[in-house]
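Please read the structure below before turning to the comments.
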Amino acid sequence: MGGLSAVTLTSVWAQWGWCASDVAANQFTAVRMVAGEENASTVLRASYAFGKESMSTSELGWFYDSSGTWQPVSGDLDLSWRGAGLEFAYRKAYEPESRPFNGFFAGIHASLRHVVSACSEVAMADGAIPAQVYGAYGQAPATHVMNATIMGVGLELGWALATERRVALEFFVAPIFQGVTRFYRETDSKWNSEEALDAGMVNRLRASYAPRSVARGIYLRQTGPWLRFGTVLYVNPQPTPKN
């Protein structure tokens, strides 16, 4: 790609890479780039993600006790998740004449990702929690298992930087439109619908708990525009140039 396909080849060749920037989100992504003629290339990325996070809050909700005094409801929430994803890109390189082994590329992007998240929550108070609770607590603790499917289409842009060694570097960004669907399987709660539980999780993570970016993305990401970006390290093959 870009400078990675700058040499005129006798045949189509391929590179393996690793998206190093995904590690920050506990995601491991292998990349396969197949370069064709006229600086076109096809890229496939396969990823696996996992993680867990524990959160606490002293203000999950409030209720009036028998004496008419406000009492807080505290909460402890544990999340664990795992997921897999596939990405496809078809790109064209545009190489500046002054730097023939490096270049800008642009193309199309498509992606599909599935994540399974398990949530366990315990709410505590000085006494029994009444039916009427104000704040993010909602109807009950939000213990559940959730399946999320995320599909995206859009563009992919970036810059490839080749070196004289067998390692090459690529930066890419993909402005895309994503569709997000979530399916909840309740395991220990009294929520009357999936919609109510979904709204309850959104309220918790926005108003009470302070999740890190990965957990926020799993539960708060909505259908609409999104930006996928990354840094890829490639191991270059040794193509044979034409005479």
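By order of appearance in the structure tokens: chains A, B, ..., then residues from 1 within every chain, and ligands from 1 in the order shown.
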
Pick out the residues sitting within 12 Å of A:Arg212, and hand them over as JSON, numbers by chain; count only C-alpha atoms, and ignore anything fewer than 4 positions along from it in its own chain. {"A": [24, 25, 51, 52, 53, 54, 55, 79, 205, 206, 216, 217, 218, 219, 220]}

Write out as a PDB file with N, CA, C and O atoms, in the first residue's frame each polymer residue whose atoms come within 7 Å of A:Ile150, counting only C-alpha atoms; drop sequence neighbours fewer than 2 positions from it.
```
ATOM      1  N   LEU A 112     -17.626  -5.521  10.336  1.00  0.00           N
ATOM      2  CA  LEU A 112     -18.635  -6.236  11.106  1.00  0.00           C
ATOM      3  C   LEU A 112     -18.001  -6.677  12.409  1.00  0.00           C
ATOM      4  O   LEU A 112     -16.913  -7.267  12.406  1.00  0.00           O
ATOM      5  N   ARG A 113     -18.668  -6.401  13.516  1.00  0.00           N
ATOM      6  CA  ARG A 113     -18.123  -6.743  14.824  1.00  0.00           C
ATOM      7  C   ARG A 113     -19.237  -7.262  15.729  1.00  0.00           C
ATOM      8  O   ARG A 113     -20.374  -6.778  15.671  1.00  0.00           O
ATOM      9  N   HIS A 114     -18.903  -8.259  16.557  1.00  0.00           N
ATOM     10  CA  HIS A 114     -19.869  -8.797  17.525  1.00  0.00           C
ATOM     11  C   HIS A 114     -19.207  -8.864  18.892  1.00  0.00           C
ATOM     12  O   HIS A 114     -18.081  -9.370  19.017  1.00  0.00           O
ATOM     13  N   ALA A 148     -23.978  -7.402  21.311  1.00  0.00           N
ATOM     14  CA  ALA A 148     -23.995  -6.217  20.458  1.00  0.00           C
ATOM     15  C   ALA A 148     -23.383  -6.548  19.101  1.00  0.00           C
ATOM     16  O   ALA A 148     -22.337  -7.200  19.028  1.00  0.00           O
ATOM     17  N   GLY A 152     -20.464  -1.395   9.808  1.00  0.00           N
ATOM     18  CA  GLY A 152     -20.063  -0.075   9.327  1.00  0.00           C
ATOM     19  C   GLY A 152     -19.633  -0.078   7.875  1.00  0.00           C
ATOM     20  O   GLY A 152     -19.083  -1.069   7.384  1.00  0.00           O
ATOM     21  N   GLN A 178     -22.064   3.716  11.140  1.00  0.00           N
ATOM     22  CA  GLN A 178     -22.253   2.446  11.805  1.00  0.00           C
ATOM     23  C   GLN A 178     -23.705   2.229  12.205  1.00  0.00           C
ATOM     24  O   GLN A 178     -24.407   3.158  12.607  1.00  0.00           O
ATOM     25  N   GLY A 179     -24.123   0.971  12.110  1.00  0.00           N
ATOM     26  CA  GLY A 179     -25.402   0.543  12.662  1.00  0.00           C
ATOM     27  C   GLY A 179     -25.154  -0.335  13.870  1.00  0.00           C
ATOM     28  O   GLY A 179     -24.325  -1.258  13.813  1.00  0.00           O
ATOM     29  N   VAL A 180     -25.814  -0.050  14.996  1.00  0.00           N
ATOM     30  CA  VAL A 180     -25.576  -0.769  16.253  1.00  0.00           C
ATOM     31  C   VAL A 180     -26.884  -1.399  16.731  1.00  0.00           C
ATOM     32  O   VAL A 180     -27.919  -0.719  16.820  1.00  0.00           O
ATOM     33  N   THR A 181     -26.862  -2.696  17.011  1.00  0.00           N
ATOM     34  CA  THR A 181     -28.011  -3.378  17.612  1.00  0.00           C
ATOM     35  C   THR A 181     -27.549  -4.092  18.879  1.00  0.00           C
ATOM     36  O   THR A 181     -26.445  -4.634  18.932  1.00  0.00           O
TER      37      THR A 181
END
```

Tell me which of A:Ser67, A:Ala128, A:Tyr234, A:Ile108 sits closest to A:Val167, counting only C-alpha atoms.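 Smallest separation from A:Val167 among the options: A:Tyr234.
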
Point out the residue among A:Leu161, A:Ala196, A:Ile176, A:Ala30 with the least atom-to-atom distance to A:Pro225, counting only C-alpha atoms. A:Ile176

In Å, with one decimal, what is the gap from atom CA of A:Ala93 to atom CA of A:Trp159?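 That distance, rounded to one decimal, is 8.9 Å.
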
Excluding A:Ala125 and its own-chain neighbours fewer than 5 positions away, which residues fall within 12 Å of it when counting only C-alpha atoms? Please give them as a PyMOL selection string. chain A and resi 57-65+70-76+130+133+137

Just to confirm, what's the straight-line distance from atom CA of A:Ala106 to atom CA of A:Leu44 in Å (one decimal)? 15.1 Å

I want to know what sits within 7 Å of A:Gly230, based on only C-alpha atoms, with residues of the same chain fewer than 6 positions away left out; could you give that as an MDAnalysis selection string? chainID A and resid 19 21:22 171:173

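One distance worth recording is that between atom CA of A:Thr42 and atom CA of A:Glu170, which is 14.1 Å.
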
Which residues are close to A:Gly85, i.e. within 10 Å by only C-alpha atoms, leaving aside same-chain residues fewer than 5 positions away? Reply as a list in words. Gln27, Thr29, Arg45, Ala46, Ser47, Tyr48, Ala49, Ser111, Leu112, Arg113, His114, Val115, Thr149, Ile150 and Met151 of chain A

Just want the 10 Å neighbourhood of A:Asp198, counted on only C-alpha atoms, with same-chain residues fewer than 6 positions away dropped. Output as an MDAnalysis selection string. chainID A and resid 142 146 182:184 191 204 219:220

May I have the residues from that selection written out with N, CA and C atoms, as a PDB file, in the first residue's frame?
```pdb
ATOM      1  N   ALA A 142     -28.788  -3.973  37.416  1.00  0.00           N
ATOM      2  CA  ALA A 142     -28.779  -4.185  35.965  1.00  0.00           C
ATOM      3  C   ALA A 142     -27.988  -5.408  35.545  1.00  0.00           C
ATOM      4  N   MET A 146     -25.306  -9.185  27.494  1.00  0.00           N
ATOM      5  CA  MET A 146     -25.703  -8.386  26.338  1.00  0.00           C
ATOM      6  C   MET A 146     -24.898  -8.791  25.106  1.00  0.00           C
ATOM      7  N   ARG A 182     -28.407  -4.094  19.897  1.00  0.00           N
ATOM      8  CA  ARG A 182     -28.096  -4.751  21.171  1.00  0.00           C
ATOM      9  C   ARG A 182     -29.254  -5.659  21.582  1.00  0.00           C
ATOM     10  N   PHE A 183     -28.891  -6.829  22.079  1.00  0.00           N
ATOM     11  CA  PHE A 183     -29.871  -7.798  22.561  1.00  0.00           C
ATOM     12  C   PHE A 183     -29.480  -8.182  23.978  1.00  0.00           C
ATOM     13  N   TYR A 184     -30.394  -7.983  24.933  1.00  0.00           N
ATOM     14  CA  TYR A 184     -30.120  -8.253  26.341  1.00  0.00           C
ATOM     15  C   TYR A 184     -30.754  -9.575  26.764  1.00  0.00           C
ATOM     16  N   TRP A 191     -36.353  -5.990  35.328  1.00  0.00           N
ATOM     17  CA  TRP A 191     -36.663  -5.022  34.295  1.00  0.00           C
ATOM     18  C   TRP A 191     -37.796  -5.556  33.421  1.00  0.00           C
ATOM     19  N   ARG A 204     -26.817   4.824  33.902  1.00  0.00           N
ATOM     20  CA  ARG A 204     -25.774   4.486  34.867  1.00  0.00           C
ATOM     21  C   ARG A 204     -24.397   4.971  34.395  1.00  0.00           C
ATOM     22  N   TYR A 219     -21.498   0.144  25.318  1.00  0.00           N
ATOM     23  CA  TYR A 219     -22.873   0.430  25.740  1.00  0.00           C
ATOM     24  C   TYR A 219     -23.423   1.763  25.234  1.00  0.00           C
ATOM     25  N   LEU A 220     -22.579   2.735  24.985  1.00  0.00           N
ATOM     26  CA  LEU A 220     -23.063   4.071  24.638  1.00  0.00           C
ATOM     27  C   LEU A 220     -22.972   4.381  23.151  1.00  0.00           C
TER      28      LEU A 220
END
```

Shortest contact to A:Glu186, candidates A:Val232, A:Ala110, A:Ala140, A:Val202, atoms counted only C-alpha atoms, goes to A:Ala140

Secondary structure check, strand (DSSP E) residues of stretch 15-205 of chain A, as a PyMOL selection string: chain A and resi 15-19+27-35+40-64+70-94+102-124+134-135+144-161+167-186

Of the candidates A:Gly68, A:Gly224, A:Gly83, A:Gly107, which shows the shortest atom-to-atom distance to A:Ser41, using only C-alpha atoms?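 The closest residue to A:Ser41 is A:Gly107.
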
A:Leu77 environment, 8 Å, only C-alpha atoms, sequence neighbours closer than 4 positions dropped, as a ChimeraX atom specification: /A:54-56,119-122

Deliver the residues from the most recent selection as a file, using all heavy atoms, as a short mmCIF file (atom, residue, chain, number, x, y, z; two decimals), in the first residue's frame.
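Wrote part29.cif, looks like this:
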```cif
data_model
loop_
_atom_site.label_atom_id
_atom_site.label_comp_id
_atom_site.auth_asym_id
_atom_site.auth_seq_id
_atom_site.Cartn_x
_atom_site.Cartn_y
_atom_site.Cartn_z
N SER A 54 -14.23 -2.90 36.72
CA SER A 54 -15.06 -2.78 37.92
C SER A 54 -15.23 -1.32 38.27
O SER A 54 -14.27 -0.54 38.19
CB SER A 54 -14.42 -3.52 39.10
OG SER A 54 -14.34 -4.91 38.83
N MET A 55 -16.46 -0.94 38.63
CA MET A 55 -16.78 0.45 38.94
C MET A 55 -17.63 0.52 40.20
O MET A 55 -18.36 -0.42 40.51
CB MET A 55 -17.55 1.08 37.77
CG MET A 55 -16.77 1.20 36.48
SD MET A 55 -17.86 1.46 35.04
CE MET A 55 -18.23 -0.25 34.63
N SER A 56 -17.54 1.63 40.89
CA SER A 56 -18.35 1.87 42.09
C SER A 56 -18.86 3.29 42.08
O SER A 56 -18.23 4.19 41.52
CB SER A 56 -17.52 1.63 43.37
OG SER A 56 -17.07 0.30 43.45
N CYS A 119 -22.63 -8.34 32.68
CA CYS A 119 -22.66 -7.29 33.69
C CYS A 119 -23.23 -7.85 34.99
O CYS A 119 -24.27 -8.52 34.98
CB CYS A 119 -23.52 -6.12 33.20
SG CYS A 119 -23.85 -4.86 34.46
N SER A 120 -22.56 -7.57 36.09
CA SER A 120 -23.05 -7.94 37.41
C SER A 120 -23.07 -6.70 38.28
O SER A 120 -22.05 -6.00 38.40
CB SER A 120 -22.14 -9.02 38.03
OG SER A 120 -22.55 -9.32 39.35
N GLU A 121 -24.21 -6.39 38.88
CA GLU A 121 -24.34 -5.18 39.69
C GLU A 121 -24.97 -5.50 41.04
O GLU A 121 -25.93 -6.28 41.11
CB GLU A 121 -25.17 -4.13 38.97
CG GLU A 121 -25.23 -2.80 39.74
CD GLU A 121 -26.04 -1.74 39.02
OE1 GLU A 121 -27.11 -2.08 38.49
OE2 GLU A 121 -25.59 -0.59 39.00
N VAL A 122 -24.44 -4.89 42.07
CA VAL A 122 -24.99 -5.01 43.42
C VAL A 122 -25.27 -3.61 43.93
O VAL A 122 -24.40 -2.73 43.92
CB VAL A 122 -24.01 -5.73 44.37
CG1 VAL A 122 -24.57 -5.75 45.79
CG2 VAL A 122 -23.73 -7.15 43.88
#
```

Measuring between only C-alpha atoms, which one of A:Asn192, A:Gln15, A:Asn26, A:Ser117 shows the shortest distance to A:Val235?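 Among the listed residues, the smallest separation from A:Val235 belongs to A:Gln15.
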